[in-house]
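Asker: Quick one: this structure, given as structure tokens, is what I'll be asking you about.
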Amino acid sequence: MEEKSYKEYLQHITTFIFDVDGVLTDGSLDVTETGDLLRTMNVRDGYALKFAVNSGYNVAIISAGTNNGVKIRLEGLGIKTVILGAQNKLNTFNEYIKTNNIKSENVLYMGDDIPDYNVMKNVGLPCCPQDAVPEIKGIAKYISHNNGGKGAVRDVIEQVLKVQDKWVF
């Protein structure tokens, strides 16, 4: 049986779920003298996230990280489901889709590392940034041409919204 092109899945996406470190950030951490961990996020990714929320898509974050600044930033973009400290992402994912009556085949999930693997095996469109680890690239149906924190999130959101005639242009 011939493998579907990732573009065939775009029309059916209703829900975007993203990891944080390595996806919304480049995976780097700046450590301050007080032990605070600082991350950098791409403003264009933020624009796309906000646009997706305002266009009626389900947008969620599932991350093992626990940085409150990340939560504040993402909630400021209108994302209502920001789950931090998720030690078992698959359980968290399953609870989220059950609670919100979402079919897994309508979910685009973008992850970059081993903790994302099991969720990615259970969604309609598993995606990753260009600089994801080989195991994740091996199961991704779409690998962005952008690295994590450098527009990979914008890339996948824009593609879905364009196919569904919901992007700006």
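Each chain in the structure tokens gets a letter, A, B, ..., in the order shown, and its residues are numbered from 1; ligands are numbered from 1 in order too.
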What lies within 9 Å of range 136-142 of chain A using only C-alpha atoms, ignoring chain neighbours under 5 positions off, as a ChimeraX atom specification?
Answerer: /A:4-7,110-114,116-117,120-121,125-131,156
Asker: Report as a list in words: the residues of range 99-138 of chain A with a DSSP assignment of alpha helix (DSSP H), based on the backbone of this structure.
Answerer: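 Across range 99-138 of chain A, those assigned alpha helix (DSSP H) are Thr99, Tyr117, Asn118, Val119, Met120, Pro134, Glu135, Ile136, Lys137 and Gly138 of chain A.
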Asker: Keeping N, CA and C atoms, export the residues of the selection given above as a CSV table (one decimal), in the first residue's frame.
Answerer:
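Dumped everything to selection.csv:
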```csv
chain,number,residue,atom,x,y,z
A,99,THR,N,-11.3,14.3,26.9
A,99,THR,CA,-12.1,15.4,27.6
A,99,THR,C,-12.7,16.4,26.6
A,117,TYR,N,7.8,10.6,21.4
A,117,TYR,CA,7.6,9.5,20.5
A,117,TYR,C,6.3,8.8,20.6
A,118,ASN,N,5.8,8.4,21.8
A,118,ASN,CA,4.6,7.7,22.0
A,118,ASN,C,3.4,8.5,21.6
A,119,VAL,N,3.4,9.8,21.8
A,119,VAL,CA,2.2,10.6,21.4
A,119,VAL,C,2.3,10.6,19.9
A,120,MET,N,3.4,10.9,19.3
A,120,MET,CA,3.5,11.0,17.8
A,120,MET,C,3.0,9.7,17.1
A,134,PRO,N,17.0,11.7,15.5
A,134,PRO,CA,16.7,10.7,14.4
A,134,PRO,C,15.5,9.8,14.7
A,135,GLU,N,15.3,9.4,15.9
A,135,GLU,CA,14.1,8.5,16.2
A,135,GLU,C,12.8,9.2,15.9
A,136,ILE,N,12.8,10.5,16.2
A,136,ILE,CA,11.5,11.3,16.0
A,136,ILE,C,11.4,11.6,14.5
A,137,LYS,N,12.5,11.9,13.8
A,137,LYS,CA,12.4,12.1,12.4
A,137,LYS,C,12.0,10.8,11.7
A,138,GLY,N,12.3,9.7,12.2
A,138,GLY,CA,11.9,8.4,11.6
A,138,GLY,C,10.5,8.1,11.6
```
Asker: Find the residues near His12 in chain A: any atom within 12 Å, counting only C-alpha atoms, skip ones fewer than 4 places away on the same chain, and give them as a PyMOL selection string.
Answerer: chain A and resi 6-8+16+57+102-108+123-125+160-161+163-164
Asker: Using only N, CA and C atoms, please write the residues we just selected to a file, as an mmCIF file, in the first residue's frame.
Answerer:
```cif
data_model
loop_
_atom_site.group_PDB
_atom_site.id
_atom_site.type_symbol
_atom_site.label_atom_id
_atom_site.label_comp_id
_atom_site.auth_asym_id
_atom_site.auth_seq_id
_atom_site.Cartn_x
_atom_site.Cartn_y
_atom_site.Cartn_z
ATOM 1 N N TYR A 6 2.063 13.745 3.457
ATOM 2 C CA TYR A 6 1.597 14.500 4.617
ATOM 3 C C TYR A 6 0.523 15.507 4.231
ATOM 4 N N LYS A 7 0.566 16.011 3.004
ATOM 5 C CA LYS A 7 -0.401 17.025 2.564
ATOM 6 C C LYS A 7 -1.835 16.488 2.562
ATOM 7 N N GLU A 8 -1.980 15.165 2.418
ATOM 8 C CA GLU A 8 -3.312 14.564 2.445
ATOM 9 C C GLU A 8 -3.941 14.623 3.834
ATOM 10 N N PHE A 16 -3.991 21.328 17.080
ATOM 11 C CA PHE A 16 -2.536 21.409 17.094
ATOM 12 C C PHE A 16 -2.063 21.197 18.525
ATOM 13 N N TYR A 57 -9.286 26.741 15.968
ATOM 14 C CA TYR A 57 -8.610 25.458 16.155
ATOM 15 C C TYR A 57 -8.375 25.194 17.638
ATOM 16 N N ILE A 102 -12.008 14.888 20.856
ATOM 17 C CA ILE A 102 -11.198 15.064 19.651
ATOM 18 C C ILE A 102 -10.746 13.695 19.168
ATOM 19 N N LYS A 103 -10.823 13.474 17.867
ATOM 20 C CA LYS A 103 -10.321 12.223 17.294
ATOM 21 C C LYS A 103 -8.817 12.369 17.053
ATOM 22 N N SER A 104 -8.065 11.340 17.414
ATOM 23 C CA SER A 104 -6.607 11.413 17.288
ATOM 24 C C SER A 104 -6.169 11.644 15.848
ATOM 25 N N GLU A 105 -6.944 11.159 14.878
ATOM 26 C CA GLU A 105 -6.563 11.354 13.473
ATOM 27 C C GLU A 105 -6.688 12.803 13.021
ATOM 28 N N ASN A 106 -7.351 13.644 13.829
ATOM 29 C CA ASN A 106 -7.480 15.061 13.504
ATOM 30 C C ASN A 106 -6.445 15.933 14.210
ATOM 31 N N VAL A 107 -5.455 15.274 14.832
ATOM 32 C CA VAL A 107 -4.441 15.990 15.610
ATOM 33 C C VAL A 107 -3.107 16.045 14.873
ATOM 34 N N LEU A 108 -2.543 17.247 14.825
ATOM 35 C CA LEU A 108 -1.159 17.450 14.406
ATOM 36 C C LEU A 108 -0.368 17.667 15.690
ATOM 37 N N VAL A 123 -1.113 9.967 16.661
ATOM 38 C CA VAL A 123 -1.834 11.108 16.089
ATOM 39 C C VAL A 123 -1.916 10.981 14.569
ATOM 40 N N GLY A 124 -2.805 11.770 13.990
ATOM 41 C CA GLY A 124 -2.978 11.745 12.544
ATOM 42 C C GLY A 124 -1.780 12.274 11.785
ATOM 43 N N LEU A 125 -1.182 13.354 12.283
ATOM 44 C CA LEU A 125 -0.051 13.957 11.584
ATOM 45 C C LEU A 125 1.081 14.290 12.550
ATOM 46 N N VAL A 160 -1.434 24.072 7.268
ATOM 47 C CA VAL A 160 -2.788 23.572 7.542
ATOM 48 C C VAL A 160 -3.822 24.644 7.208
ATOM 49 N N LEU A 161 -3.602 25.847 7.695
ATOM 50 C CA LEU A 161 -4.587 26.902 7.477
ATOM 51 C C LEU A 161 -4.708 27.291 6.007
ATOM 52 N N VAL A 163 -4.292 25.216 3.388
ATOM 53 C CA VAL A 163 -5.035 24.142 2.751
ATOM 54 C C VAL A 163 -6.529 24.248 3.067
ATOM 55 N N GLN A 164 -6.833 24.703 4.284
ATOM 56 C CA GLN A 164 -8.235 24.820 4.715
ATOM 57 C C GLN A 164 -8.813 26.205 4.445
#
```
Asker: For Asn91 in chain A, list every protein, DNA or RNA residue within 12 Å, evaluated using only C-alpha atoms, and leave out those in the same chain fewer than 5 positions away; present the list as a count of residues only.
Answerer: 11
Asker: Can you list, as a VMD selection string, every protein, DNA or RNA residue that comes within 9 Å of range 25-36 of chain A when you count only C-alpha atoms, leaving out same-chain residues fewer than 2 positions away?
Answerer: chain A and resid 20 to 23 38 to 42 67 131 147 to 150
Asker: For the residues in that selection, give me N, CA and C atoms as a short mmCIF file (atom, residue, chain, number, x, y, z; two decimals), in the first residue's frame.
Answerer:
```
data_model
loop_
_atom_site.label_atom_id
_atom_site.label_comp_id
_atom_site.auth_asym_id
_atom_site.auth_seq_id
_atom_site.Cartn_x
_atom_site.Cartn_y
_atom_site.Cartn_z
N VAL A 20 7.33 22.08 23.97
CA VAL A 20 7.95 23.40 24.11
C VAL A 20 9.43 23.36 23.75
N ASP A 21 10.24 22.75 24.61
CA ASP A 21 11.69 22.79 24.41
C ASP A 21 12.10 21.98 23.18
N GLY A 22 12.74 22.66 22.23
CA GLY A 22 13.16 22.01 20.99
C GLY A 22 12.15 22.17 19.87
N VAL A 23 10.96 22.67 20.19
CA VAL A 23 9.91 22.90 19.18
C VAL A 23 9.57 24.39 19.15
N LEU A 38 16.22 30.38 31.24
CA LEU A 38 15.64 31.31 30.27
C LEU A 38 15.59 30.66 28.89
N ARG A 39 14.45 30.81 28.21
CA ARG A 39 14.24 30.27 26.87
C ARG A 39 13.91 31.41 25.93
N THR A 40 14.13 31.18 24.65
CA THR A 40 13.77 32.15 23.62
C THR A 40 12.76 31.51 22.69
N MET A 41 11.68 32.25 22.43
CA MET A 41 10.64 31.78 21.50
C MET A 41 10.58 32.71 20.30
N ASN A 42 10.15 32.17 19.18
CA ASN A 42 10.06 32.90 17.93
C ASN A 42 8.73 33.65 17.86
N ASN A 67 8.39 25.70 33.47
CA ASN A 67 8.69 27.13 33.56
C ASN A 67 7.41 27.97 33.50
N ASP A 131 15.71 19.86 13.16
CA ASP A 131 16.79 19.41 14.04
C ASP A 131 16.34 18.43 15.13
N ASN A 147 14.25 24.71 11.97
CA ASN A 147 14.63 24.13 13.26
C ASN A 147 13.64 24.55 14.34
N GLY A 148 13.69 23.86 15.46
CA GLY A 148 12.89 24.23 16.61
C GLY A 148 13.22 25.64 17.06
N GLY A 149 12.18 26.41 17.40
CA GLY A 149 12.38 27.79 17.84
C GLY A 149 12.72 28.75 16.73
N LYS A 150 12.74 28.25 15.50
CA LYS A 150 13.13 29.07 14.34
C LYS A 150 12.06 29.05 13.25
#
```
Asker: How far is it from CA of Lys80 in chain A to CA of Thr14 in chain A, in Å with one decimal?
Answerer: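 Value for the CA of Lys80 in chain A-CA of Thr14 in chain A distance: 15.3 Å.
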Asker: Just to confirm, what's the straight-line distance from CA of Val168 in chain A to CA of Gly69 in chain A in Å (one decimal)?
Answerer: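 Interatomic distance here is 28.9 Å.
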Asker: Per residue of range 100-165 of chain A within 9 Å of range 43-48 of chain A, what are the shortest atom pair and its distance in Å to one decimal, counting only C-alpha atoms, with rows by chain and residue number, as JSON lines?
Answerer:
```
{"residue": "A:Gly149", "atom": "CA", "partner": "A:Asp45", "partner_atom": "CA", "distance": 7.9}
{"residue": "A:Lys150", "atom": "CA", "partner": "A:Asp45", "partner_atom": "CA", "distance": 8.0}
{"residue": "A:Gly151", "atom": "CA", "partner": "A:Asp45", "partner_atom": "CA", "distance": 5.7}
{"residue": "A:Ala152", "atom": "CA", "partner": "A:Asp45", "partner_atom": "CA", "distance": 7.5}
{"residue": "A:Val153", "atom": "CA", "partner": "A:Asp45", "partner_atom": "CA", "distance": 5.4}
{"residue": "A:Arg154", "atom": "CA", "partner": "A:Asp45", "partner_atom": "CA", "distance": 4.6}
{"residue": "A:Asp155", "atom": "CA", "partner": "A:Asp45", "partner_atom": "CA", "distance": 8.2}
{"residue": "A:Ile157", "atom": "CA", "partner": "A:Ala48", "partner_atom": "CA", "distance": 6.4}
{"residue": "A:Glu158", "atom": "CA", "partner": "A:Ala48", "partner_atom": "CA", "distance": 7.0}
```
Asker: For N, CA and C atoms, I'd like the residues from the last selection saved as a PDB file, in the first residue's frame.
Answerer:
```
ATOM      1  N   GLY A 149      12.184  26.411  17.402  1.00  0.00           N
ATOM      2  CA  GLY A 149      12.382  27.788  17.840  1.00  0.00           C
ATOM      3  C   GLY A 149      12.717  28.747  16.725  1.00  0.00           C
ATOM      4  N   LYS A 150      12.737  28.251  15.497  1.00  0.00           N
ATOM      5  CA  LYS A 150      13.129  29.075  14.345  1.00  0.00           C
ATOM      6  C   LYS A 150      12.063  29.046  13.249  1.00  0.00           C
ATOM      7  N   GLY A 151      10.800  28.868  13.645  1.00  0.00           N
ATOM      8  CA  GLY A 151       9.717  28.937  12.664  1.00  0.00           C
ATOM      9  C   GLY A 151       9.090  27.610  12.285  1.00  0.00           C
ATOM     10  N   ALA A 152       9.462  26.516  12.928  1.00  0.00           N
ATOM     11  CA  ALA A 152       8.869  25.212  12.607  1.00  0.00           C
ATOM     12  C   ALA A 152       7.375  25.185  12.936  1.00  0.00           C
ATOM     13  N   VAL A 153       6.992  25.817  14.036  1.00  0.00           N
ATOM     14  CA  VAL A 153       5.586  25.866  14.427  1.00  0.00           C
ATOM     15  C   VAL A 153       4.791  26.690  13.419  1.00  0.00           C
ATOM     16  N   ARG A 154       5.301  27.827  13.051  1.00  0.00           N
ATOM     17  CA  ARG A 154       4.643  28.677  12.041  1.00  0.00           C
ATOM     18  C   ARG A 154       4.468  27.905  10.742  1.00  0.00           C
ATOM     19  N   ASP A 155       5.488  27.166  10.352  1.00  0.00           N
ATOM     20  CA  ASP A 155       5.469  26.384   9.120  1.00  0.00           C
ATOM     21  C   ASP A 155       4.269  25.435   9.084  1.00  0.00           C
ATOM     22  N   ILE A 157       1.522  25.278  11.071  1.00  0.00           N
ATOM     23  CA  ILE A 157       0.219  25.944  11.222  1.00  0.00           C
ATOM     24  C   ILE A 157      -0.182  26.613   9.911  1.00  0.00           C
ATOM     25  N   GLU A 158       0.745  27.320   9.303  1.00  0.00           N
ATOM     26  CA  GLU A 158       0.451  28.019   8.057  1.00  0.00           C
ATOM     27  C   GLU A 158       0.038  27.036   6.958  1.00  0.00           C
TER      28      GLU A 158
END
```
Asker: As a list in words, please: every residue in range 44-129 of chain A that a backbone DSSP assignment puts in strand (DSSP E).
Answerer: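 The strand (DSSP E) subset of range 44-129 of chain A is Asn58, Val59, Ala60, Ile61, Ile62, Thr81, Val82, Ile83, Val107, Leu108, Tyr109, Met110, Leu125, Pro126, Cys127 and Cys128 of chain A.
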Asker: Pick the closest to Val53 in chain A from A:Ile17, A:Leu84, A:Ile143, A:Ala132: which is it, counting only C-alpha atoms?
Answerer: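 For Val53 in chain A, the nearest of the given residues is A:Ile17.
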Asker: To one decimal place in Å, what is the distance between CA of Thr81 in chain A and CA of His145 in chain A?
Answerer: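 The value is 26.8 Å.
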